[in-house]
>>> print(open('entry_5.pdb').read())   # PDB, C-alpha atoms
ATOM      1  CA  MET A   1      14.528 -70.192 -55.998
ATOM      2  CA  GLY A   2      14.208 -66.643 -54.732
ATOM      3  CA  VAL A   3      13.326 -65.327 -51.329
ATOM      4  CA  ALA A   4      10.173 -66.939 -49.902
ATOM      5  CA  VAL A   5       7.000 -64.866 -49.943
ATOM      6  CA  PRO A   6       6.582 -63.530 -46.377
ATOM      7  CA  PRO A   7       3.300 -63.722 -44.452
ATOM      8  CA  PHE A   8       1.050 -60.937 -45.760
ATOM      9  CA  GLU A   9       1.114 -59.223 -42.368
ATOM     10  CA  THR A  10       4.878 -58.758 -42.667
ATOM     11  CA  PHE A  11       4.595 -57.374 -46.200
ATOM     12  CA  TYR A  12       1.750 -55.052 -45.216
ATOM     13  CA  GLU A  13       3.490 -53.700 -42.121
ATOM     14  CA  ALA A  14       6.692 -53.077 -44.063
ATOM     15  CA  HIS A  15       5.052 -51.012 -46.815
ATOM     16  CA  LYS A  16       1.752 -49.585 -45.600
ATOM     17  CA  ALA A  17       3.134 -46.233 -44.404
ATOM     18  CA  GLU A  18       5.030 -45.558 -47.605
ATOM     19  CA  VAL A  19       2.160 -46.629 -49.848
ATOM     20  CA  PHE A  20      -0.156 -44.359 -47.908
ATOM     21  CA  ARG A  21       2.187 -41.359 -48.263
ATOM     22  CA  PHE A  22       2.588 -42.050 -51.967
ATOM     23  CA  LEU A  23      -1.162 -42.218 -52.565
ATOM     24  CA  ARG A  24      -1.740 -39.209 -50.353
ATOM     25  CA  SER A  25       0.747 -37.139 -52.325
ATOM     26  CA  ARG A  26      -0.852 -38.021 -55.680
ATOM     27  CA  LEU A  27      -4.531 -38.137 -54.806
ATOM     28  CA  GLY A  28      -4.936 -35.763 -51.885
ATOM     29  CA  PRO A  29      -6.710 -36.303 -48.581
ATOM     30  CA  ASP A  30     -10.217 -37.045 -49.896
ATOM     31  CA  ARG A  31      -9.390 -39.985 -52.146
ATOM     32  CA  VAL A  32      -6.476 -41.509 -50.316
ATOM     33  CA  GLU A  33      -8.407 -43.741 -47.898
ATOM     34  CA  ASP A  34     -10.339 -45.684 -50.510
ATOM     35  CA  ALA A  35      -7.254 -45.910 -52.704
ATOM     36  CA  PHE A  36      -5.208 -47.268 -49.817
ATOM     37  CA  GLN A  37      -7.726 -50.001 -49.084
ATOM     38  CA  GLU A  38      -8.069 -50.900 -52.745
ATOM     39  CA  THR A  39      -4.285 -51.093 -53.188
ATOM     40  CA  PHE A  40      -3.812 -53.666 -50.464
ATOM     41  CA  LEU A  41      -6.952 -55.619 -51.341
ATOM     42  CA  ARG A  42      -5.578 -55.910 -54.859
ATOM     43  CA  ALA A  43      -2.219 -57.017 -53.452
ATOM     44  CA  LEU A  44      -3.982 -59.598 -51.308
ATOM     45  CA  ARG A  45      -5.925 -60.955 -54.295
ATOM     46  CA  ALA A  46      -2.678 -61.467 -56.208
ATOM     47  CA  TYR A  47      -0.584 -62.565 -53.244
ATOM     48  CA  GLU A  48      -1.039 -66.312 -53.625
ATOM     49  CA  ARG A  49       0.297 -66.154 -57.165
ATOM     50  CA  LEU A  50       3.573 -64.459 -56.229
ATOM     51  CA  GLU A  51       6.436 -66.804 -56.925
ATOM     52  CA  HIS A  52       9.025 -65.166 -54.718
ATOM     53  CA  GLY A  53       9.373 -62.432 -52.145
ATOM     54  CA  GLU A  54      11.766 -60.141 -54.013
ATOM     55  CA  HIS A  55      11.088 -56.519 -54.976
ATOM     56  CA  LEU A  56       7.923 -56.421 -52.907
ATOM     57  CA  ARG A  57       8.337 -52.693 -52.297
ATOM     58  CA  ALA A  58       8.355 -51.970 -56.029
ATOM     59  CA  TRP A  59       5.434 -54.381 -56.455
ATOM     60  CA  ALA A  60       3.343 -52.592 -53.809
ATOM     61  CA  LEU A  61       4.107 -49.217 -55.351
ATOM     62  CA  THR A  62       3.261 -50.530 -58.817
ATOM     63  CA  ILE A  63      -0.187 -51.570 -57.621
ATOM     64  CA  ALA A  64      -0.679 -48.189 -55.945
ATOM     65  CA  HIS A  65       0.354 -46.563 -59.199
ATOM     66  CA  ARG A  66      -2.285 -48.496 -61.142
ATOM     67  CA  ILE A  67      -4.917 -47.413 -58.621
ATOM     68  CA  ILE A  68      -3.845 -43.814 -59.163
ATOM     69  CA  LEU A  69      -4.074 -44.261 -62.940
ATOM     70  CA  ASP A  70      -7.592 -45.663 -62.633
ATOM     71  CA  ASP A  71      -8.546 -42.723 -60.463
ATOM     72  CA  VAL A  72      -7.037 -40.169 -62.823
ATOM     73  CA  ARG A  73      -8.770 -41.758 -65.846
ATOM     74  CA  LYS A  74     -12.097 -41.698 -64.088
ATOM     75  CA  ARG A  75     -11.660 -38.025 -63.454
ATOM     76  CA  ARG A  76     -10.546 -37.099 -66.984
ATOM     77  CA  PRO A  77     -13.419 -38.500 -68.999
ATOM     78  CA  HIS A  78     -12.711 -36.718 -72.301
ATOM     79  CA  GLY A  79      -9.281 -38.179 -72.817
ATOM     80  CA  GLU A  80      -7.718 -34.761 -73.283
ATOM     81  CA  LEU A  81      -3.985 -34.684 -72.803
ATOM     82  CA  PRO A  82      -2.715 -32.729 -69.858
ATOM     83  CA  GLU A  83       0.222 -30.354 -70.022
ATOM     84  CA  LEU A  84       3.579 -31.879 -69.312
ATOM     85  CA  VAL A  85       4.405 -29.609 -66.430
ATOM     86  CA  THR A  86       7.883 -29.802 -65.030
ATOM     87  CA  GLU A  87       8.948 -28.856 -61.576
ATOM     88  CA  ASP A  88      12.611 -28.840 -60.649
ATOM     89  CA  GLY A  89      13.413 -30.126 -64.096
ATOM     90  CA  ARG A  90      11.480 -33.413 -63.743
ATOM     91  CA  PRO A  91       8.120 -34.225 -65.282
ATOM     92  CA  ALA A  92       5.372 -33.945 -62.700
ATOM     93  CA  PHE A  93       4.229 -37.471 -62.206
ATOM     94  CA  GLU A  94       0.511 -36.883 -61.925
ATOM     95  CA  GLU A  95       0.470 -35.314 -65.360
ATOM     96  CA  LEU A  96       2.812 -37.897 -66.745
ATOM     97  CA  ALA A  97       0.991 -40.956 -65.494
ATOM     98  CA  PRO A  98      -1.984 -41.108 -67.882
ATOM     99  CA  LEU A  99       0.350 -40.752 -70.846
ATOM    100  CA  THR A 100       2.679 -43.609 -70.097
ATOM    101  CA  ASP A 101       0.267 -46.330 -71.234
ATOM    102  CA  ALA A 102       1.559 -46.179 -74.786
ATOM    103  CA  LEU A 103       5.211 -46.625 -73.865
ATOM    104  CA  PRO A 104       7.006 -49.921 -74.382
ATOM    105  CA  PRO A 105       6.758 -51.878 -71.109
ATOM    106  CA  LYS A 106      10.352 -51.474 -69.979
ATOM    107  CA  GLU A 107      10.431 -47.735 -70.630
ATOM    108  CA  ARG A 108       7.096 -47.268 -68.944
ATOM    109  CA  ALA A 109       8.150 -49.179 -65.853
ATOM    110  CA  ALA A 110      11.401 -47.232 -65.658
ATOM    111  CA  VAL A 111       9.652 -43.855 -66.037
ATOM    112  CA  VAL A 112       6.996 -44.724 -63.513
ATOM    113  CA  LEU A 113       9.380 -46.160 -60.929
ATOM    114  CA  ARG A 114      11.749 -43.216 -61.307
ATOM    115  CA  TYR A 115       9.289 -40.340 -61.278
ATOM    116  CA  GLY A 116       6.342 -41.943 -59.558
ATOM    117  CA  TYR A 117       8.100 -43.766 -56.751
ATOM    118  CA  ASP A 118      11.377 -41.927 -56.669
ATOM    119  CA  LEU A 119      13.278 -45.201 -56.778
ATOM    120  CA  GLY A 120      16.977 -44.966 -57.603
ATOM    121  CA  TYR A 121      18.199 -46.359 -60.938
ATOM    122  CA  ASP A 122      19.985 -49.165 -59.115
ATOM    123  CA  GLU A 123      16.697 -50.258 -57.504
ATOM    124  CA  ILE A 124      14.841 -49.940 -60.792
ATOM    125  CA  GLY A 125      17.495 -52.042 -62.503
ATOM    126  CA  THR A 126      17.020 -54.731 -59.884
ATOM    127  CA  ALA A 127      13.239 -54.569 -60.082
ATOM    128  CA  LEU A 128      13.362 -54.925 -63.868
ATOM    129  CA  GLY A 129      15.956 -57.658 -63.760
ATOM    130  CA  SER A 130      18.534 -55.544 -65.602
ATOM    131  CA  THR A 131      21.270 -53.068 -64.735
ATOM    132  CA  GLU A 132      21.436 -49.569 -63.347
ATOM    133  CA  SER A 133      22.591 -48.067 -66.646
ATOM    134  CA  ALA A 134      19.930 -49.946 -68.633
ATOM    135  CA  ALA A 135      17.306 -48.539 -66.246
ATOM    136  CA  ARG A 136      18.685 -45.017 -66.704
ATOM    137  CA  GLN A 137      18.578 -45.385 -70.495
ATOM    138  CA  ALA A 138      15.056 -46.805 -70.458
ATOM    139  CA  ALA A 139      13.779 -43.942 -68.302
ATOM    140  CA  SER A 140      15.331 -41.221 -70.442
ATOM    141  CA  ALA A 141      14.193 -42.901 -73.671
ATOM    142  CA  GLY A 142      10.691 -43.041 -72.182
ATOM    143  CA  VAL A 143      10.697 -39.374 -71.253
ATOM    144  CA  ARG A 144      12.007 -38.404 -74.734
ATOM    145  CA  ARG A 145       9.250 -40.429 -76.342
ATOM    146  CA  LEU A 146       6.633 -38.779 -74.165
ATOM    147  CA  ARG A 147       7.894 -35.310 -75.072
ATOM    148  CA  LYS A 148       7.763 -36.201 -78.757
ATOM    149  CA  GLU A 149       4.232 -37.595 -78.550
ATOM    150  CA  LYS A 150       3.129 -34.510 -76.748
ATOM    151  CA  LYS A 151       4.130 -32.278 -79.682
TER     152      LYS A 151
ATOM    153  CA  MET B   1      -6.773 -33.391 -42.453
ATOM    154  CA  ILE B   2      -5.273 -36.828 -42.828
ATOM    155  CA  GLU B   3      -1.556 -36.837 -43.591
ATOM    156  CA  THR B   4      -0.322 -40.229 -42.484
ATOM    157  CA  LEU B   5      -1.937 -43.629 -42.125
ATOM    158  CA  THR B   6      -4.304 -43.631 -39.163
ATOM    159  CA  HIS B   7      -5.350 -46.503 -36.935
ATOM    160  CA  ASP B   8      -8.890 -46.306 -38.380
ATOM    161  CA  VAL B   9      -7.775 -46.648 -41.986
ATOM    162  CA  ASP B  10      -5.473 -49.506 -41.025
ATOM    163  CA  GLU B  11      -8.243 -51.352 -39.183
ATOM    164  CA  ARG B  12     -10.689 -50.747 -42.007
ATOM    165  CA  PHE B  13      -8.390 -52.505 -44.449
ATOM    166  CA  ARG B  14      -7.929 -55.427 -42.051
ATOM    167  CA  ALA B  15     -11.693 -55.778 -41.670
ATOM    168  CA  ALA B  16     -12.291 -55.515 -45.432
ATOM    169  CA  ALA B  17      -9.655 -58.165 -46.161
ATOM    170  CA  ALA B  18     -11.475 -60.609 -43.885
ATOM    171  CA  ALA B  19     -14.949 -59.613 -45.084
ATOM    172  CA  GLU B  20     -13.948 -60.325 -48.695
ATOM    173  CA  GLY B  21     -12.757 -63.785 -47.722
ATOM    174  CA  LEU B  22      -9.191 -63.085 -48.861
ATOM    175  CA  LEU B  23      -7.353 -64.446 -45.815
ATOM    176  CA  ASP B  24      -5.886 -67.884 -45.267
ATOM    177  CA  VAL B  25      -5.605 -67.094 -41.563
ATOM    178  CA  ALA B  26      -6.877 -64.158 -39.518
ATOM    179  CA  TYR B  27      -5.095 -63.876 -36.205
ATOM    180  CA  ASP B  28      -4.954 -61.622 -33.181
ATOM    181  CA  VAL B  29      -3.185 -61.472 -29.844
ATOM    182  CA  PHE B  30      -5.285 -61.277 -26.675
ATOM    183  CA  ASP B  31      -3.064 -59.620 -24.097
ATOM    184  CA  ASP B  32      -5.478 -59.552 -21.238
ATOM    185  CA  THR B  33      -6.562 -63.126 -20.516
ATOM    186  CA  ALA B  34      -6.331 -64.989 -17.222
ATOM    187  CA  MET B  35      -3.903 -67.315 -19.009
ATOM    188  CA  GLY B  36      -1.568 -64.517 -20.062
ATOM    189  CA  PRO B  37      -1.139 -63.371 -23.671
ATOM    190  CA  LEU B  38      -2.690 -65.703 -26.263
ATOM    191  CA  LEU B  39      -2.217 -65.642 -30.011
ATOM    192  CA  VAL B  40      -5.232 -67.106 -31.814
ATOM    193  CA  GLY B  41      -5.622 -67.935 -35.495
ATOM    194  CA  VAL B  42      -8.825 -68.760 -37.362
ATOM    195  CA  THR B  43      -9.489 -69.946 -40.904
ATOM    196  CA  ASP B  44     -12.772 -70.168 -42.754
ATOM    197  CA  ARG B  45     -13.119 -73.643 -41.197
ATOM    198  CA  GLY B  46     -12.503 -72.750 -37.573
ATOM    199  CA  VAL B  47      -9.796 -72.121 -35.029
ATOM    200  CA  CYS B  48      -6.423 -73.455 -36.152
ATOM    201  CA  ARG B  49      -4.085 -72.002 -33.556
ATOM    202  CA  ILE B  50      -3.908 -70.955 -29.914
ATOM    203  CA  THR B  51      -0.466 -70.190 -28.514
ATOM    204  CA  PHE B  52       0.590 -69.186 -25.010
ATOM    205  CA  ASP B  53       3.245 -66.461 -24.646
ATOM    206  CA  PRO B  54       3.528 -66.185 -28.436
ATOM    207  CA  ASP B  55       6.514 -65.074 -30.481
ATOM    208  CA  PRO B  56       4.433 -63.448 -33.252
ATOM    209  CA  GLU B  57       7.102 -63.514 -35.945
ATOM    210  CA  ARG B  58       7.621 -67.246 -35.535
ATOM    211  CA  GLU B  59       3.882 -67.870 -35.352
ATOM    212  CA  LEU B  60       3.222 -65.964 -38.586
ATOM    213  CA  GLU B  61       5.849 -67.978 -40.445
ATOM    214  CA  LEU B  62       4.333 -71.197 -39.146
ATOM    215  CA  LEU B  63       0.755 -70.223 -40.029
ATOM    216  CA  ALA B  64       1.846 -69.138 -43.505
ATOM    217  CA  ARG B  65       3.626 -72.442 -44.079
ATOM    218  CA  LEU B  66       0.677 -74.540 -42.908
ATOM    219  CA  TYR B  67      -2.293 -72.621 -44.319
ATOM    220  CA  GLY B  68      -1.029 -70.188 -46.978
ATOM    221  CA  PRO B  69       0.746 -66.803 -46.998
ATOM    222  CA  ARG B  70      -2.323 -64.605 -46.642
ATOM    223  CA  VAL B  71      -1.985 -64.286 -42.873
ATOM    224  CA  LEU B  72      -3.194 -60.979 -41.431
ATOM    225  CA  ARG B  73      -4.052 -59.606 -38.016
ATOM    226  CA  SER B  74      -7.756 -58.878 -38.097
ATOM    227  CA  SER B  75      -9.930 -58.704 -35.019
ATOM    228  CA  ARG B  76     -13.392 -59.275 -36.421
ATOM    229  CA  PRO B  77     -12.964 -62.924 -37.482
ATOM    230  CA  VAL B  78     -11.629 -63.852 -34.044
ATOM    231  CA  ASP B  79     -14.297 -61.949 -32.058
ATOM    232  CA  ARG B  80     -16.401 -65.009 -31.403
ATOM    233  CA  LEU B  81     -13.468 -67.078 -30.178
ATOM    234  CA  HIS B  82     -12.348 -64.175 -27.994
ATOM    235  CA  ARG B  83     -15.783 -64.012 -26.391
ATOM    236  CA  GLU B  84     -15.966 -67.765 -25.857
ATOM    237  CA  LEU B  85     -12.495 -67.869 -24.290
ATOM    238  CA  ASP B  86     -13.381 -64.996 -21.937
ATOM    239  CA  GLU B  87     -16.602 -66.711 -20.903
ATOM    240  CA  TYR B  88     -14.809 -70.000 -20.345
ATOM    241  CA  LEU B  89     -12.001 -68.434 -18.312
ATOM    242  CA  GLU B  90     -14.556 -66.592 -16.179
ATOM    243  CA  GLY B  91     -16.309 -69.871 -15.447
ATOM    244  CA  HIS B  92     -19.418 -69.060 -17.501
ATOM    245  CA  ARG B  93     -18.909 -71.548 -20.319
ATOM    246  CA  ARG B  94     -18.266 -75.299 -20.339
ATOM    247  CA  THR B  95     -18.025 -76.124 -24.044
ATOM    248  CA  PHE B  96     -16.823 -74.242 -27.109
ATOM    249  CA  ASP B  97     -19.046 -73.622 -30.120
ATOM    250  CA  VAL B  98     -16.154 -72.711 -32.445
ATOM    251  CA  GLU B  99     -14.897 -75.677 -34.464
ATOM    252  CA  PRO B 100     -11.214 -76.621 -34.526
ATOM    253  CA  ASP B 101      -9.545 -76.656 -37.961
ATOM    254  CA  LEU B 102      -7.242 -79.704 -37.844
ATOM    255  CA  ARG B 103      -6.566 -80.089 -41.553
ATOM    256  CA  ALA B 104      -2.818 -79.469 -41.132
ATOM    257  CA  GLN B 105      -2.489 -82.293 -38.571
ATOM    258  CA  PRO B 106      -1.263 -85.799 -39.474
ATOM    259  CA  ASP B 107      -3.861 -88.610 -39.340
ATOM    260  CA  PHE B 108      -2.842 -90.028 -35.997
ATOM    261  CA  TYR B 109      -2.924 -86.535 -34.434
ATOM    262  CA  ARG B 110      -6.373 -85.897 -35.857
ATOM    263  CA  ARG B 111      -7.676 -89.187 -34.451
ATOM    264  CA  VAL B 112      -6.262 -88.518 -31.003
ATOM    265  CA  LEU B 113      -7.472 -84.912 -30.979
ATOM    266  CA  ALA B 114     -10.960 -86.039 -32.018
ATOM    267  CA  GLU B 115     -11.031 -88.365 -28.989
ATOM    268  CA  LEU B 116      -9.668 -85.595 -26.798
ATOM    269  CA  ALA B 117     -12.577 -83.375 -27.834
ATOM    270  CA  ARG B 118     -14.939 -85.842 -26.117
ATOM    271  CA  VAL B 119     -13.365 -85.524 -22.674
ATOM    272  CA  GLU B 120     -15.847 -83.402 -20.775
ATOM    273  CA  TYR B 121     -15.518 -80.304 -18.676
ATOM    274  CA  GLY B 122     -14.398 -81.017 -15.148
ATOM    275  CA  GLU B 123     -13.285 -84.577 -15.940
ATOM    276  CA  THR B 124      -9.842 -86.003 -16.515
ATOM    277  CA  THR B 125      -8.554 -88.987 -18.434
ATOM    278  CA  THR B 126      -5.129 -90.589 -18.878
ATOM    279  CA  TYR B 127      -2.730 -90.751 -21.818
ATOM    280  CA  GLY B 128      -3.216 -94.533 -21.934
ATOM    281  CA  THR B 129      -7.011 -94.321 -22.017
ATOM    282  CA  LEU B 130      -6.908 -91.784 -24.802
ATOM    283  CA  ALA B 131      -4.444 -93.963 -26.725
ATOM    284  CA  ALA B 132      -6.810 -96.929 -26.404
ATOM    285  CA  ARG B 133      -9.779 -94.862 -27.591
ATOM    286  CA  ALA B 134      -7.769 -93.711 -30.583
ATOM    287  CA  GLY B 135      -7.212 -97.372 -31.463
ATOM    288  CA  ASN B 136      -3.720 -98.005 -30.107
ATOM    289  CA  PRO B 137      -3.509 -98.807 -26.362
ATOM    290  CA  ARG B 138       0.303 -98.936 -26.457
ATOM    291  CA  ALA B 139       0.642 -95.416 -27.797
ATOM    292  CA  ALA B 140       0.385 -93.532 -24.470
ATOM    293  CA  ARG B 141       3.751 -91.883 -25.044
ATOM    294  CA  ALA B 142       2.817 -90.816 -28.583
ATOM    295  CA  VAL B 143      -0.436 -89.421 -27.215
ATOM    296  CA  GLY B 144       1.673 -87.382 -24.805
ATOM    297  CA  THR B 145       3.496 -85.897 -27.779
ATOM    298  CA  VAL B 146       0.218 -85.078 -29.525
ATOM    299  CA  MET B 147      -1.026 -83.334 -26.372
ATOM    300  CA  ASN B 148       2.202 -81.377 -26.146
ATOM    301  CA  ARG B 149       1.763 -80.197 -29.739
ATOM    302  CA  ASN B 150      -1.979 -79.606 -29.549
ATOM    303  CA  PRO B 151      -2.513 -76.695 -31.993
ATOM    304  CA  VAL B 152      -5.582 -75.406 -30.115
ATOM    305  CA  PRO B 153      -5.139 -75.896 -26.353
ATOM    306  CA  ILE B 154      -8.072 -74.898 -24.109
ATOM    307  CA  VAL B 155     -10.544 -75.412 -26.999
ATOM    308  CA  LEU B 156      -9.278 -78.978 -27.316
ATOM    309  CA  PRO B 157      -8.789 -79.786 -23.629
ATOM    310  CA  CYS B 158      -5.380 -81.431 -23.379
ATOM    311  CA  HIS B 159      -5.230 -80.060 -19.820
ATOM    312  CA  ARG B 160      -7.738 -82.803 -18.923
ATOM    313  CA  VAL B 161      -5.232 -85.550 -19.708
ATOM    314  CA  VAL B 162      -3.087 -86.671 -16.767
ATOM    315  CA  GLY B 163      -0.726 -89.499 -15.854
ATOM    316  CA  ALA B 164      -2.027 -92.945 -14.819
ATOM    317  CA  ASN B 165      -1.078 -92.179 -11.199
ATOM    318  CA  GLY B 166      -2.999 -88.899 -11.262
ATOM    319  CA  SER B 167       0.062 -86.642 -11.592
ATOM    320  CA  LEU B 168      -0.308 -83.676 -13.942
ATOM    321  CA  THR B 169       2.747 -84.852 -15.936
ATOM    322  CA  GLY B 170       3.208 -81.967 -18.395
ATOM    323  CA  TYR B 171       1.585 -79.204 -20.415
ATOM    324  CA  GLY B 172       2.659 -77.339 -23.562
ATOM    325  CA  GLY B 173       1.771 -74.040 -21.890
ATOM    326  CA  GLY B 174       3.508 -74.886 -18.606
ATOM    327  CA  LEU B 175       2.226 -76.923 -15.657
ATOM    328  CA  HIS B 176       0.975 -73.849 -13.794
ATOM    329  CA  ARG B 177      -1.525 -73.250 -16.591
ATOM    330  CA  LYS B 178      -2.707 -76.856 -16.560
ATOM    331  CA  GLU B 179      -3.290 -76.532 -12.852
ATOM    332  CA  LEU B 180      -5.183 -73.245 -13.288
ATOM    333  CA  LEU B 181      -7.478 -74.753 -15.910
ATOM    334  CA  LEU B 182      -8.194 -77.895 -13.890
ATOM    335  CA  ARG B 183      -8.947 -75.775 -10.826
ATOM    336  CA  LEU B 184     -11.217 -73.547 -12.865
ATOM    337  CA  GLU B 185     -13.173 -76.627 -13.943
ATOM    338  CA  GLY B 186     -13.274 -78.015 -10.409
ATOM    339  CA  ALA B 187     -11.285 -81.099 -11.409
ATOM    340  CA  LEU B 188      -8.556 -80.178  -8.910
ATOM    341  CA  LEU B 189      -9.154 -78.988  -5.405
TER     342      LEU B 189
END
>>> encode(input="entry_5.pdb", output="structure tokens")
Amino acid sequence: MGVAVPPFETFYEAHKAEVFRFLRSRLGPDRVEDAFQETFLRALRAYERLEHGEHLRAWALTIAHRIILDDVRKRRPHGELPELVTEDGRPAFEELAPLTDALPPKERAAVVLRYGYDLGYDEIGTALGSTESAARQAASAGVRRLRKEKK
Amino acid sequence: MIETLTHDVDERFRAAAAAEGLLDVAYDVFDDTAMGPLLVGVTDRGVCRITFDPDPERELELLARLYGPRVLRSSRPVDRLHRELDEYLEGHRRTFDVEPDLRAQPDFYRRVLAELARVEYGETTTYGTLAARAGNPRAARAVGTVMNRNPVPIVLPCHRVVGANGSLTGYGGGLHRKELLLRLEGALL
């Protein structure tokens, strides 16, 4: 038995500001409002099926991330691969996101949580039900694989 | 240009959640009533909760446990109840059109509350009479407990139930509120 699922209001109030900032930073001011609404409607549709109330922050951000992916796909109809731009030594998430689909699930989650949500490796380890060092390895393996596929 | 979450965007989500039928309970707090602050909760079947001087955190936990975790503040679904309560408290309404949702109540409670619903505006009855109508004349004390735990006071008029000697006895929302309501209805001078 984990932590009980809180009333949706509590979950929403705890994460709405951060989810909004995250979406705003990836999608810009014109698309953020619809994306915000869709993120929490999707969360609400799945809420009854949650079995416990742990890692709800990572869960909310994961849904937001999927909404961003949908949006990016819609806007890149020809399936061309974007450049893997790096700023301050890290892959720019917006460019990275459409490519991560092909990664093994654990690596993909680690890459996305690290570079998309800026979660620490300790948090990612917890969210994935493993350890901090396993999360670090999964993320770097994922990034290596992406670089290779890009070539 | 929008940088952080605005009130409008927040409210739009709350309205959409209700419009799509995704909520177990929509609730709101009315701060400005003649009875003080009221928290009200509605489901797709009707009003399930009215609480005086609410502690929202505790209320949310309770609503989630009884009706499901999708509990969200959303004003549109409770608009009608808000209007009816205002009209009633201003003396312009004698009966409520919103239905109570009593599905979370035990059988005996439901039976007693159904009888309570028939006590009319401006009239009073006694705990014993209500117990008899619910099929158990000896259960006056138990009826008192049901009144005290009435999930939807005002809409289900437990303020109209008094002691056999005419004393007000008690009220979940405090005796001063019972007195106010009975005065409003002209049942007390």
>>> residues_around(input="entry_5.pdb", residues="Leu180 in chain B", least_positions_apart="2", cutoff="12 Å", atoms="only C-alpha atoms", output="list in words")
Ala34, Met35, Gly36, Leu89, Glu90, Gly91, Ile154, His159, Arg160, Leu168, Tyr171, Gly173, Gly174, Leu175, His176, Arg177, Lys178, Leu182, Arg183, Leu184, Glu185, Gly186, Ala187, Leu188 and Leu189 of chain B
>>> interface_residues(input="entry_5.pdb", of="chain A", to="chain B", cutoff="9 Å", atoms="only C-alpha atoms", output="list in words")
Val5, Pro6, Pro7, Phe8, Glu9, Thr10, Tyr12, Lys16, Ala17, Phe20, Arg21, Arg24, Pro29, Asp30, Val32, Glu33, Asp34, Phe36, Gln37, Glu38, Phe40, Leu41, Leu44, Arg45, Tyr47 and Glu48 of chain A
>>> atom_distance(input="entry_5.pdb", atom1="CA of Asp86 in chain B", atom2="CA of Thr125 in chain B")
24.7 Å
>>> atom_distance(input="entry_5.pdb", atom1="CA of Pro157 in chain B", atom2="CA of Tyr121 in chain B")
8.4 Å
>>> residues_around(input="entry_5.pdb", residues="Phe22 in chain A", least_positions_apart="5", cutoff="9 Å", atoms="all atoms listed in the file", output="list of chain:residue names")
A:Ala17, A:Leu27, A:Leu61, A:Ala64, A:His65, A:Gly116, A:Tyr117
>>> atom_distance(input="entry_5.pdb", atom1="CA of Ser75 in chain B", atom2="CA of Asp28 in chain B")
6.1 Å
>>> closest_residue(input="entry_5.pdb", among="B:Val155, B:Cys48, B:Ala117, B:Val112", to="Ala139 in chain B", atoms="all atoms listed in the file")
B:Val112
>>> residues_around(input="entry_5.pdb", residues="Arg108 in chain A", least_positions_apart="3", cutoff="10 Å", atoms="only C-alpha atoms", output="JSON, numbers by chain")
{"A": [97, 99, 100, 101, 102, 103, 104, 105, 111, 112, 113, 114, 138, 139, 141, 142, 143, 146]}
